[in-house]
$ cat query-v5.pdb   # PDB, C-alpha atoms, pLDDT in the B column
ATOM      1  CA  ALA A   1      37.497 194.318 112.466  1.00 78.00           C
ATOM      2  CA  GLN A   2      34.392 196.394 112.271  1.00 85.00           C
ATOM      3  CA  SER A   3      32.098 196.923 115.219  1.00 90.00           C
ATOM      4  CA  VAL A   4      29.140 199.005 116.249  1.00 94.00           C
ATOM      5  CA  ALA A   5      28.005 199.964 119.717  1.00 95.00           C
ATOM      6  CA  GLN A   6      24.518 201.060 120.621  1.00 96.00           C
ATOM      7  CA  PRO A   7      24.846 201.795 124.311  1.00 95.00           C
ATOM      8  CA  GLU A   8      21.137 202.029 125.058  1.00 95.00           C
ATOM      9  CA  ASP A   9      18.858 198.996 124.970  1.00 94.00           C
ATOM     10  CA  GLN A  10      15.800 201.195 125.390  1.00 96.00           C
ATOM     11  CA  VAL A  11      15.005 204.850 124.816  1.00 97.00           C
ATOM     12  CA  ASN A  12      11.762 206.362 126.046  1.00 97.00           C
ATOM     13  CA  VAL A  13      10.561 209.746 124.846  1.00 98.00           C
ATOM     14  CA  ALA A  14       7.320 211.671 124.994  1.00 98.00           C
ATOM     15  CA  GLU A  15       5.485 212.358 121.772  1.00 97.00           C
ATOM     16  CA  GLY A  16       6.500 215.711 120.333  1.00 97.00           C
ATOM     17  CA  ASN A  17       9.853 215.757 122.100  1.00 98.00           C
ATOM     18  CA  PRO A  18      13.155 215.380 120.272  1.00 97.00           C
ATOM     19  CA  LEU A  19      14.730 211.940 120.236  1.00 97.00           C
ATOM     20  CA  THR A  20      18.290 210.692 119.963  1.00 98.00           C
ATOM     21  CA  VAL A  21      19.443 207.116 119.502  1.00 98.00           C
ATOM     22  CA  LYS A  22      23.163 206.734 119.993  1.00 98.00           C
ATOM     23  CA  CYS A  23      25.668 204.838 117.889  1.00 98.00           C
ATOM     24  CA  THR A  24      29.446 204.636 117.878  1.00 97.00           C
ATOM     25  CA  TYR A  25      31.521 202.611 115.484  1.00 96.00           C
ATOM     26  CA  SER A  26      34.945 201.202 114.805  1.00 94.00           C
ATOM     27  CA  VAL A  27      36.387 200.459 111.356  1.00 90.00           C
ATOM     28  CA  SER A  28      39.859 200.269 109.926  1.00 87.00           C
ATOM     29  CA  GLY A  29      39.267 202.681 107.052  1.00 84.00           C
ATOM     30  CA  ASN A  30      36.592 205.158 106.066  1.00 86.00           C
ATOM     31  CA  PRO A  31      33.184 204.085 107.314  1.00 90.00           C
ATOM     32  CA  TYR A  32      29.941 203.587 105.490  1.00 91.00           C
ATOM     33  CA  LEU A  33      27.253 204.112 108.138  1.00 94.00           C
ATOM     34  CA  PHE A  34      23.600 203.165 108.061  1.00 94.00           C
ATOM     35  CA  TRP A  35      20.467 203.306 110.182  1.00 96.00           C
ATOM     36  CA  TYR A  36      17.650 200.819 109.804  1.00 94.00           C
ATOM     37  CA  VAL A  37      14.316 200.460 111.573  1.00 94.00           C
ATOM     38  CA  GLN A  38      12.531 197.192 112.269  1.00 90.00           C
ATOM     39  CA  TYR A  39       8.888 196.791 113.195  1.00 87.00           C
ATOM     40  CA  PRO A  40       7.674 193.572 114.884  1.00 80.00           C
ATOM     41  CA  ASN A  41       8.090 190.469 112.710  1.00 72.00           C
ATOM     42  CA  ARG A  42       9.234 192.556 109.795  1.00 76.00           C
ATOM     43  CA  GLY A  43      12.475 192.964 107.929  1.00 79.00           C
ATOM     44  CA  LEU A  44      14.702 195.993 108.003  1.00 86.00           C
ATOM     45  CA  GLN A  45      13.668 199.295 106.549  1.00 88.00           C
ATOM     46  CA  PHE A  46      16.403 201.650 105.423  1.00 88.00           C
ATOM     47  CA  LEU A  47      16.348 205.086 107.062  1.00 93.00           C
ATOM     48  CA  LEU A  48      19.513 206.823 105.989  1.00 93.00           C
ATOM     49  CA  LYS A  49      23.187 206.417 105.253  1.00 92.00           C
ATOM     50  CA  TYR A  50      26.460 208.305 105.355  1.00 93.00           C
ATOM     51  CA  ILE A  51      28.991 207.570 102.670  1.00 88.00           C
ATOM     52  CA  THR A  52      30.786 210.854 102.121  1.00 86.00           C
ATOM     53  CA  GLY A  53      30.023 214.555 101.979  1.00 87.00           C
ATOM     54  CA  ASP A  54      27.976 216.533 104.497  1.00 91.00           C
ATOM     55  CA  ASN A  55      28.197 215.239 108.026  1.00 93.00           C
ATOM     56  CA  LEU A  56      24.483 215.807 108.580  1.00 95.00           C
ATOM     57  CA  VAL A  57      22.455 213.241 106.712  1.00 95.00           C
ATOM     58  CA  LYS A  58      18.701 213.506 106.272  1.00 95.00           C
ATOM     59  CA  GLY A  59      16.659 210.380 105.783  1.00 93.00           C
ATOM     60  CA  SER A  60      13.183 208.929 105.731  1.00 90.00           C
ATOM     61  CA  TYR A  61      10.305 209.894 108.054  1.00 92.00           C
ATOM     62  CA  GLY A  62      12.014 213.053 109.285  1.00 95.00           C
ATOM     63  CA  PHE A  63      15.036 211.282 110.751  1.00 97.00           C
ATOM     64  CA  GLU A  64      18.552 212.609 110.464  1.00 97.00           C
ATOM     65  CA  ALA A  65      21.976 211.571 111.699  1.00 97.00           C
ATOM     66  CA  GLU A  66      25.241 213.373 112.200  1.00 95.00           C
ATOM     67  CA  PHE A  67      28.549 211.794 111.341  1.00 96.00           C
ATOM     68  CA  ASN A  68      31.237 212.817 113.845  1.00 96.00           C
ATOM     69  CA  LYS A  69      34.604 211.467 112.848  1.00 94.00           C
ATOM     70  CA  SER A  70      36.490 212.605 115.938  1.00 94.00           C
ATOM     71  CA  GLN A  71      33.993 210.916 118.236  1.00 96.00           C
ATOM     72  CA  THR A  72      33.385 207.993 115.846  1.00 96.00           C
ATOM     73  CA  SER A  73      29.676 208.500 116.310  1.00 97.00           C
ATOM     74  CA  PHE A  74      26.615 208.481 114.108  1.00 98.00           C
ATOM     75  CA  HIS A  75      23.678 209.318 116.364  1.00 98.00           C
ATOM     76  CA  LEU A  76      20.159 209.178 114.976  1.00 98.00           C
ATOM     77  CA  LYS A  77      17.909 212.134 115.706  1.00 98.00           C
ATOM     78  CA  LYS A  78      14.437 213.447 115.086  1.00 98.00           C
ATOM     79  CA  PRO A  79      13.185 216.873 116.183  1.00 97.00           C
ATOM     80  CA  SER A  80       9.684 215.733 117.158  1.00 97.00           C
ATOM     81  CA  ALA A  81       8.895 212.114 117.953  1.00 97.00           C
ATOM     82  CA  LEU A  82       5.712 210.348 116.908  1.00 97.00           C
ATOM     83  CA  VAL A  83       4.075 207.353 118.572  1.00 96.00           C
ATOM     84  CA  SER A  84       4.445 205.554 115.228  1.00 94.00           C
ATOM     85  CA  ASP A  85       8.229 205.910 115.517  1.00 96.00           C
ATOM     86  CA  SER A  86       8.173 203.256 118.245  1.00 96.00           C
ATOM     87  CA  ALA A  87      10.271 200.391 116.891  1.00 95.00           C
ATOM     88  CA  LEU A  88      13.682 198.739 117.019  1.00 94.00           C
ATOM     89  CA  TYR A  89      16.500 200.770 115.510  1.00 96.00           C
ATOM     90  CA  PHE A  90      19.771 199.361 114.239  1.00 95.00           C
ATOM     91  CA  CYS A  91      22.976 201.152 113.419  1.00 96.00           C
ATOM     92  CA  ALA A  92      25.281 199.384 110.966  1.00 94.00           C
ATOM     93  CA  VAL A  93      28.724 199.948 109.521  1.00 93.00           C
ATOM     94  CA  ARG A  94      30.998 198.600 106.865  1.00 88.00           C
ATOM     95  CA  ASP A  95      34.324 199.731 105.559  1.00 82.00           C
ATOM     96  CA  THR A  96      35.011 200.579 101.960  1.00 71.00           C
ATOM     97  CA  GLY A  97      35.999 197.062 101.083  1.00 66.00           C
ATOM     98  CA  ASN A  98      33.815 194.194 100.003  1.00 69.00           C
ATOM     99  CA  THR A  99      32.602 193.420 103.518  1.00 79.00           C
ATOM    100  CA  PRO A 100      29.096 192.842 104.827  1.00 85.00           C
ATOM    101  CA  LEU A 101      27.277 195.195 107.128  1.00 89.00           C
ATOM    102  CA  VAL A 102      27.913 194.719 110.808  1.00 91.00           C
ATOM    103  CA  PHE A 103      25.045 195.646 113.083  1.00 93.00           C
ATOM    104  CA  GLY A 104      24.747 197.042 116.546  1.00 93.00           C
ATOM    105  CA  LYS A 105      22.583 195.205 119.039  1.00 92.00           C
ATOM    106  CA  GLY A 106      19.676 197.534 118.437  1.00 94.00           C
ATOM    107  CA  THR A 107      17.866 200.142 120.497  1.00 96.00           C
ATOM    108  CA  ARG A 108      14.186 199.895 121.213  1.00 95.00           C
ATOM    109  CA  LEU A 109      12.511 203.269 120.949  1.00 97.00           C
ATOM    110  CA  SER A 110       9.261 203.808 122.764  1.00 97.00           C
ATOM    111  CA  VAL A 111       7.370 207.029 122.114  1.00 97.00           C
ATOM    112  CA  ILE A 112       4.695 207.691 124.672  1.00 96.00           C
ATOM    113  CA  ALA A 113       1.596 209.709 123.871  1.00 94.00           C
TER     114      ALA A 113
ATOM    115  CA  GLY B   1      15.625 201.464  96.362  1.00 63.00           C
ATOM    116  CA  ALA B   2      16.063 197.948  95.099  1.00 77.00           C
ATOM    117  CA  VAL B   3      13.675 195.209  96.198  1.00 86.00           C
ATOM    118  CA  VAL B   4      14.602 191.909  97.795  1.00 91.00           C
ATOM    119  CA  SER B   5      11.945 189.280  98.397  1.00 93.00           C
ATOM    120  CA  GLN B   6      11.944 186.218 100.612  1.00 95.00           C
ATOM    121  CA  HIS B   7       9.739 183.177 100.487  1.00 96.00           C
ATOM    122  CA  PRO B   8       8.141 181.897 102.584  1.00 96.00           C
ATOM    123  CA  SER B   9       7.523 184.680 105.071  1.00 94.00           C
ATOM    124  CA  ARG B  10       6.636 182.178 107.746  1.00 95.00           C
ATOM    125  CA  VAL B  11       7.135 178.431 108.019  1.00 97.00           C
ATOM    126  CA  ILE B  12       6.407 175.857 110.681  1.00 97.00           C
ATOM    127  CA  CYS B  13       7.984 172.444 110.398  1.00 96.00           C
ATOM    128  CA  LYS B  14       8.522 169.283 112.405  1.00 96.00           C
ATOM    129  CA  SER B  15      11.830 168.491 113.999  1.00 96.00           C
ATOM    130  CA  GLY B  16      14.082 166.507 111.670  1.00 96.00           C
ATOM    131  CA  THR B  17      12.723 167.919 108.429  1.00 97.00           C
ATOM    132  CA  SER B  18      14.484 170.312 106.076  1.00 97.00           C
ATOM    133  CA  VAL B  19      13.281 173.761 105.128  1.00 97.00           C
ATOM    134  CA  LYS B  20      14.297 175.858 102.141  1.00 97.00           C
ATOM    135  CA  ILE B  21      14.112 179.660 102.172  1.00 97.00           C
ATOM    136  CA  GLU B  22      14.408 181.602  98.935  1.00 97.00           C
ATOM    137  CA  CYS B  23      15.827 185.079  98.538  1.00 96.00           C
ATOM    138  CA  ARG B  24      15.403 186.976  95.294  1.00 95.00           C
ATOM    139  CA  SER B  25      16.623 190.337  94.071  1.00 92.00           C
ATOM    140  CA  LEU B  26      13.737 191.573  91.967  1.00 91.00           C
ATOM    141  CA  ASP B  27      15.136 194.503  90.018  1.00 85.00           C
ATOM    142  CA  PHE B  28      18.888 194.198  90.190  1.00 86.00           C
ATOM    143  CA  GLN B  29      21.611 191.610  89.889  1.00 87.00           C
ATOM    144  CA  ALA B  30      23.038 190.611  93.237  1.00 87.00           C
ATOM    145  CA  THR B  31      26.657 189.630  92.944  1.00 86.00           C
ATOM    146  CA  THR B  32      26.784 189.019  96.674  1.00 89.00           C
ATOM    147  CA  MET B  33      24.109 187.802  99.035  1.00 92.00           C
ATOM    148  CA  PHE B  34      24.188 187.559 102.808  1.00 93.00           C
ATOM    149  CA  TRP B  35      22.170 185.524 105.267  1.00 96.00           C
ATOM    150  CA  TYR B  36      21.526 186.850 108.753  1.00 95.00           C
ATOM    151  CA  ARG B  37      19.840 185.281 111.735  1.00 95.00           C
ATOM    152  CA  GLN B  38      18.027 187.228 114.385  1.00 90.00           C
ATOM    153  CA  PHE B  39      17.097 185.844 117.773  1.00 83.00           C
ATOM    154  CA  PRO B  40      14.285 187.447 119.777  1.00 78.00           C
ATOM    155  CA  LYS B  41      15.224 190.890 121.016  1.00 74.00           C
ATOM    156  CA  GLN B  42      18.726 190.565 119.605  1.00 77.00           C
ATOM    157  CA  SER B  43      20.701 191.935 116.732  1.00 83.00           C
ATOM    158  CA  LEU B  44      21.276 190.459 113.316  1.00 88.00           C
ATOM    159  CA  MET B  45      24.076 187.940 113.269  1.00 91.00           C
ATOM    160  CA  LEU B  46      25.759 187.307 109.946  1.00 93.00           C
ATOM    161  CA  MET B  47      25.668 183.617 109.071  1.00 95.00           C
ATOM    162  CA  ALA B  48      27.299 183.511 105.671  1.00 94.00           C
ATOM    163  CA  THR B  49      28.262 185.432 102.567  1.00 92.00           C
ATOM    164  CA  SER B  50      27.787 184.015  99.104  1.00 90.00           C
ATOM    165  CA  ASN B  51      28.976 185.175  95.734  1.00 86.00           C
ATOM    166  CA  GLU B  52      27.181 184.017  92.620  1.00 83.00           C
ATOM    167  CA  GLY B  53      28.620 180.762  91.368  1.00 81.00           C
ATOM    168  CA  SER B  54      30.927 180.289  94.337  1.00 83.00           C
ATOM    169  CA  LYS B  55      30.739 178.425  97.607  1.00 87.00           C
ATOM    170  CA  ALA B  56      29.439 180.403 100.537  1.00 91.00           C
ATOM    171  CA  THR B  57      31.765 181.712 103.220  1.00 92.00           C
ATOM    172  CA  TYR B  58      30.422 180.888 106.652  1.00 95.00           C
ATOM    173  CA  GLU B  59      30.997 182.850 109.817  1.00 93.00           C
ATOM    174  CA  GLN B  60      32.666 181.167 112.722  1.00 91.00           C
ATOM    175  CA  GLY B  61      30.310 178.890 114.607  1.00 92.00           C
ATOM    176  CA  VAL B  62      27.842 178.435 111.753  1.00 94.00           C
ATOM    177  CA  GLU B  63      27.562 174.823 110.595  1.00 94.00           C
ATOM    178  CA  LYS B  64      27.847 174.760 106.840  1.00 92.00           C
ATOM    179  CA  ASP B  65      26.408 171.228 106.602  1.00 94.00           C
ATOM    180  CA  LYS B  66      23.352 172.312 108.524  1.00 96.00           C
ATOM    181  CA  PHE B  67      22.752 175.630 106.782  1.00 97.00           C
ATOM    182  CA  LEU B  68      23.197 174.951 103.076  1.00 95.00           C
ATOM    183  CA  ILE B  69      23.480 178.047 100.935  1.00 94.00           C
ATOM    184  CA  ASN B  70      23.199 178.074  97.176  1.00 91.00           C
ATOM    185  CA  HIS B  71      23.684 181.176  95.044  1.00 89.00           C
ATOM    186  CA  ALA B  72      23.155 179.742  91.599  1.00 82.00           C
ATOM    187  CA  SER B  73      22.143 182.906  89.803  1.00 89.00           C
ATOM    188  CA  LEU B  74      22.501 186.658  90.127  1.00 89.00           C
ATOM    189  CA  THR B  75      18.933 186.976  91.386  1.00 92.00           C
ATOM    190  CA  LEU B  76      18.431 183.947  93.610  1.00 93.00           C
ATOM    191  CA  SER B  77      19.984 182.540  96.736  1.00 94.00           C
ATOM    192  CA  THR B  78      18.568 179.761  98.884  1.00 95.00           C
ATOM    193  CA  LEU B  79      19.154 178.786 102.483  1.00 97.00           C
ATOM    194  CA  THR B  80      18.256 175.233 103.434  1.00 97.00           C
ATOM    195  CA  VAL B  81      18.054 174.356 107.094  1.00 97.00           C
ATOM    196  CA  THR B  82      18.687 170.627 107.171  1.00 96.00           C
ATOM    197  CA  SER B  83      17.381 168.316 109.876  1.00 96.00           C
ATOM    198  CA  ALA B  84      15.860 171.241 111.681  1.00 96.00           C
ATOM    199  CA  HIS B  85      15.592 171.279 115.453  1.00 96.00           C
ATOM    200  CA  PRO B  86      13.696 173.601 117.796  1.00 95.00           C
ATOM    201  CA  GLU B  87      16.859 175.587 118.497  1.00 94.00           C
ATOM    202  CA  ASP B  88      16.956 176.521 114.801  1.00 95.00           C
ATOM    203  CA  SER B  89      13.738 178.463 115.276  1.00 95.00           C
ATOM    204  CA  SER B  90      14.576 182.036 114.439  1.00 94.00           C
ATOM    205  CA  PHE B  91      14.025 184.952 112.083  1.00 93.00           C
ATOM    206  CA  TYR B  92      16.185 184.613 108.987  1.00 96.00           C
ATOM    207  CA  ILE B  93      16.885 187.685 106.885  1.00 94.00           C
ATOM    208  CA  CYS B  94      18.653 187.747 103.556  1.00 95.00           C
ATOM    209  CA  SER B  95      20.423 190.693 102.046  1.00 93.00           C
ATOM    210  CA  ALA B  96      21.651 191.350  98.527  1.00 91.00           C
ATOM    211  CA  ARG B  97      24.261 193.648  97.143  1.00 87.00           C
ATOM    212  CA  SER B  98      24.999 194.594  93.566  1.00 79.00           C
ATOM    213  CA  GLY B  99      28.331 195.620  92.170  1.00 70.00           C
ATOM    214  CA  GLY B 100      27.161 199.194  91.801  1.00 60.00           C
ATOM    215  CA  LEU B 101      28.399 202.437  93.336  1.00 50.00           C
ATOM    216  CA  TYR B 102      28.963 202.123  97.078  1.00 58.00           C
ATOM    217  CA  ASN B 103      27.665 198.546  96.941  1.00 67.00           C
ATOM    218  CA  GLU B 104      24.638 199.162  99.136  1.00 75.00           C
ATOM    219  CA  GLN B 105      22.989 196.176 100.813  1.00 84.00           C
ATOM    220  CA  PHE B 106      19.251 195.690 100.452  1.00 87.00           C
ATOM    221  CA  PHE B 107      17.298 193.505 102.852  1.00 90.00           C
ATOM    222  CA  GLY B 108      14.493 191.055 102.436  1.00 92.00           C
ATOM    223  CA  PRO B 109      11.442 191.080 104.728  1.00 91.00           C
ATOM    224  CA  GLY B 110      12.616 188.030 106.655  1.00 92.00           C
ATOM    225  CA  THR B 111      11.373 184.477 107.218  1.00 95.00           C
ATOM    226  CA  ARG B 112      10.093 183.323 110.575  1.00 94.00           C
ATOM    227  CA  LEU B 113      11.021 179.660 111.074  1.00 96.00           C
ATOM    228  CA  THR B 114       9.391 177.684 113.864  1.00 96.00           C
ATOM    229  CA  VAL B 115      10.518 174.111 114.422  1.00 96.00           C
ATOM    230  CA  LEU B 116       8.192 172.031 116.565  1.00 95.00           C
TER     231      LEU B 116
END
$ encode --input "query-v5.pdb" --output "structure tokens"
Amino acid sequence: AQSVAQPEDQVNVAEGNPLTVKCTYSVSGNPYLFWYVQYPNRGLQFLLKYITGDNLVKGSYGFEAEFNKSQTSFHLKKPSALVSDSALYFCAVRDTGNTPLVFGKGTRLSVIA
Amino acid sequence: GAVVSQHPSRVICKSGTSVKIECRSLDFQATTMFWYRQFPKQSLMLMATSNEGSKATYEQGVEKDKFLINHASLTLSTLTVTSAHPEDSSFYICSARSGGLYNEQFFGPGTRLTVL
């Protein structure tokens, strides 16, 4: 069975500082990994994904994530946080079969001016 | 990316009534659609998976007679909450996937259901 762990419920960072939102996963085969962001009362917005290829994936709004197979991690990063980055972030995974995405519990990011 | 719409975006209904939520893939054919439910400050919980023309597959603990899912065409799926009760109040999000490369899932904007 697939699973995703986001160990932090909340991450606080000062504007302009780098941010990291952690994610580890478990799948039976090769993983497809995704990050989504959700603003209040809104649906999910796609940020980036890892399917294959380079371990460092660049996505929307300056975000990037690094796939680490040995640590089964896919942490989301941004070099310089903005107040507008404050939102709920979800990591998701599926295997290469015809399975739906499984989501982590989400991490609330708060960027303080 | 592909666009998925949901209608309505927000609905308030009385206890005991039924509510239908529509999910449409606007620019691609969705062979598979998923319905998720999100409680306040919690993650998305998969409710069911539906393939066009087939009966939906429900996750454990989801009442199929209460949450009726119809996926009659490659661009439309509906979720009907029957005899709604206040505990059904939630944010419902649909997702659609085509049969294309890597089978990426695209998400609708969600429907906020409030049952009084």
$ resolve_selection --input "query-v5.pdb" --expression "the ChimeraX specification (/B :<9) & /A" --output "list in words"
Tyr32, Asn41, Arg42, Gly43, Leu44, Gln45, Phe46, Ile51, Leu88, Phe90, Thr96, Asn98, Pro100, Leu101, Val102, Phe103, Gly104, Lys105 and Gly106 of chain A
$ resolve_selection --input "query-v5.pdb" --expression "the PyMOL selection byres ((chain B and resi 26-28) around 10)" --output "PyMOL selection string"
chain B and resi 1-5+23-25+29-31+74-76+96-100
$ atom_distance --input "query-v5.pdb" --atom1 "CA of Ser60 (chain A)" --atom2 "CA of Thr72 (chain A)"
22.6 Å
$ closest_residue --input "query-v5.pdb" --among "A:Ala92, A:Ser84, A:Ala65, A:Leu47" --to "Val4 (chain A)" --atoms "all atoms listed in the file"
A:Ala92
$ atom_distance --input "query-v5.pdb" --atom1 "CA of Asn17 (chain A)" --atom2 "CA of Lys77 (chain A)"
10.9 Å
$ resolve_selection --input "query-v5.pdb" --expression "the PyMOL selection byres ((chain A and resi 81) around 8)" --output "PyMOL selection string"
chain A and resi 13-19+78-80+82-83+85+111
$ write_last_selection --input "query-v5.pdb" --atoms "C-alpha atoms" --output "short mmCIF file (atom, residue, chain, number, x, y, z; two decimals), in the coordinates of the input"
data_model
loop_
_atom_site.label_atom_id
_atom_site.label_comp_id
_atom_site.auth_asym_id
_atom_site.auth_seq_id
_atom_site.Cartn_x
_atom_site.Cartn_y
_atom_site.Cartn_z
CA VAL A 13 10.56 209.75 124.85
CA ALA A 14 7.32 211.67 124.99
CA GLU A 15 5.48 212.36 121.77
CA GLY A 16 6.50 215.71 120.33
CA ASN A 17 9.85 215.76 122.10
CA PRO A 18 13.16 215.38 120.27
CA LEU A 19 14.73 211.94 120.24
CA LYS A 78 14.44 213.45 115.09
CA PRO A 79 13.18 216.87 116.18
CA SER A 80 9.68 215.73 117.16
CA LEU A 82 5.71 210.35 116.91
CA VAL A 83 4.08 207.35 118.57
CA ASP A 85 8.23 205.91 115.52
CA VAL A 111 7.37 207.03 122.11
#
$ closest_residue --input "query-v5.pdb" --among "A:Tyr25, A:Thr20, A:Gln6, A:Asn12" --to "Lys69 (chain A)" --atoms "only C-alpha atoms"
A:Tyr25
$ residues_around --input "query-v5.pdb" --residues "His85 (chain B)" --least-positions-apart "3" --cutoff "10 Å" --atoms "all atoms listed in the file" --output "list in words"
Cys13, Lys14, Ser15, Gly16, Thr17, Ser18, Val81, Thr82, Asp88, Ser89, Thr114, Val115 and Leu116 of chain B
$ atom_distance --input "query-v5.pdb" --atom1 "CA of Pro7 (chain A)" --atom2 "CA of Lys22 (chain A)"
6.8 Å
$ closest_residue --input "query-v5.pdb" --among "A:Gln2, A:Ser86, A:Thr99, A:Gln71" --to "Ser26 (chain A)" --atoms "only C-alpha atoms"
A:Gln2
$ residues_around --input "query-v5.pdb" --residues "Tyr58 (chain B)" --least-positions-apart "4" --cutoff "12 Å" --atoms "only C-alpha atoms" --output "JSON, numbers by chain"
{"B": [34, 35, 36, 45, 46, 47, 48, 49, 50, 51, 62, 63, 64, 65, 66, 67, 68, 69]}
$ decode --input "query-v5.pdb" --residues "region 93-100 of chain B" --atoms "all heavy atoms" --output "PDB file, in the first residue's frame"
ATOM      1  N   ILE B  93     -13.865  17.318  -3.299  1.00  0.00           N
ATOM      2  CA  ILE B  93     -13.007  17.640  -4.433  1.00  0.00           C
ATOM      3  C   ILE B  93     -12.986  16.468  -5.403  1.00  0.00           C
ATOM      4  O   ILE B  93     -12.758  15.328  -4.992  1.00  0.00           O
ATOM      5  CB  ILE B  93     -11.564  17.939  -3.973  1.00  0.00           C
ATOM      6  CG1 ILE B  93     -11.540  19.107  -2.986  1.00  0.00           C
ATOM      7  CG2 ILE B  93     -10.668  18.253  -5.165  1.00  0.00           C
ATOM      8  CD1 ILE B  93     -10.161  19.390  -2.406  1.00  0.00           C
ATOM      9  N   CYS B  94     -13.227  16.757  -6.661  1.00  0.00           N
ATOM     10  CA  CYS B  94     -13.138  15.696  -7.661  1.00  0.00           C
ATOM     11  C   CYS B  94     -11.816  15.803  -8.400  1.00  0.00           C
ATOM     12  O   CYS B  94     -11.164  16.857  -8.407  1.00  0.00           O
ATOM     13  CB  CYS B  94     -14.294  15.746  -8.643  1.00  0.00           C
ATOM     14  SG  CYS B  94     -14.160  17.028  -9.900  1.00  0.00           S
ATOM     15  N   SER B  95     -11.435  14.708  -8.986  1.00  0.00           N
ATOM     16  CA  SER B  95     -10.190  14.651  -9.735  1.00  0.00           C
ATOM     17  C   SER B  95     -10.410  13.772 -10.946  1.00  0.00           C
ATOM     18  O   SER B  95     -11.151  12.790 -10.890  1.00  0.00           O
ATOM     19  CB  SER B  95      -9.079  14.077  -8.854  1.00  0.00           C
ATOM     20  OG  SER B  95      -7.874  13.962  -9.570  1.00  0.00           O
ATOM     21  N   ALA B  96      -9.767  14.114 -12.044  1.00  0.00           N
ATOM     22  CA  ALA B  96      -9.947  13.368 -13.287  1.00  0.00           C
ATOM     23  C   ALA B  96      -8.608  12.982 -13.868  1.00  0.00           C
ATOM     24  O   ALA B  96      -7.627  13.729 -13.741  1.00  0.00           O
ATOM     25  CB  ALA B  96     -10.737  14.204 -14.291  1.00  0.00           C
ATOM     26  N   ARG B  97      -8.585  11.831 -14.482  1.00  0.00           N
ATOM     27  CA  ARG B  97      -7.352  11.355 -15.082  1.00  0.00           C
ATOM     28  C   ARG B  97      -7.655  10.786 -16.461  1.00  0.00           C
ATOM     29  O   ARG B  97      -8.621  10.043 -16.625  1.00  0.00           O
ATOM     30  CB  ARG B  97      -6.720  10.279 -14.201  1.00  0.00           C
ATOM     31  CG  ARG B  97      -5.336   9.839 -14.635  1.00  0.00           C
ATOM     32  CD  ARG B  97      -4.658   9.056 -13.529  1.00  0.00           C
ATOM     33  NE  ARG B  97      -5.214   7.719 -13.368  1.00  0.00           N
ATOM     34  CZ  ARG B  97      -4.971   6.949 -12.305  1.00  0.00           C
ATOM     35  NH1 ARG B  97      -4.229   7.378 -11.334  1.00  0.00           N
ATOM     36  NH2 ARG B  97      -5.495   5.742 -12.240  1.00  0.00           N
ATOM     37  N   SER B  98      -6.813  11.149 -17.412  1.00  0.00           N
ATOM     38  CA  SER B  98      -6.984  10.614 -18.763  1.00  0.00           C
ATOM     39  C   SER B  98      -6.160   9.342 -18.892  1.00  0.00           C
ATOM     40  O   SER B  98      -5.488   8.915 -17.965  1.00  0.00           O
ATOM     41  CB  SER B  98      -6.512  11.646 -19.787  1.00  0.00           C
ATOM     42  OG  SER B  98      -5.102  11.767 -19.721  1.00  0.00           O
ATOM     43  N   GLY B  99      -6.188   8.771 -20.056  1.00  0.00           N
ATOM     44  CA  GLY B  99      -5.390   7.571 -20.280  1.00  0.00           C
ATOM     45  C   GLY B  99      -4.049   7.892 -20.901  1.00  0.00           C
ATOM     46  O   GLY B  99      -3.387   7.030 -21.435  1.00  0.00           O
ATOM     47  N   GLY B 100      -3.642   9.159 -20.792  1.00  0.00           N
ATOM     48  CA  GLY B 100      -2.424   9.608 -21.435  1.00  0.00           C
ATOM     49  C   GLY B 100      -1.173   9.214 -20.691  1.00  0.00           C
ATOM     50  O   GLY B 100      -1.211   8.524 -19.685  1.00  0.00           O
TER      51      GLY B 100
END
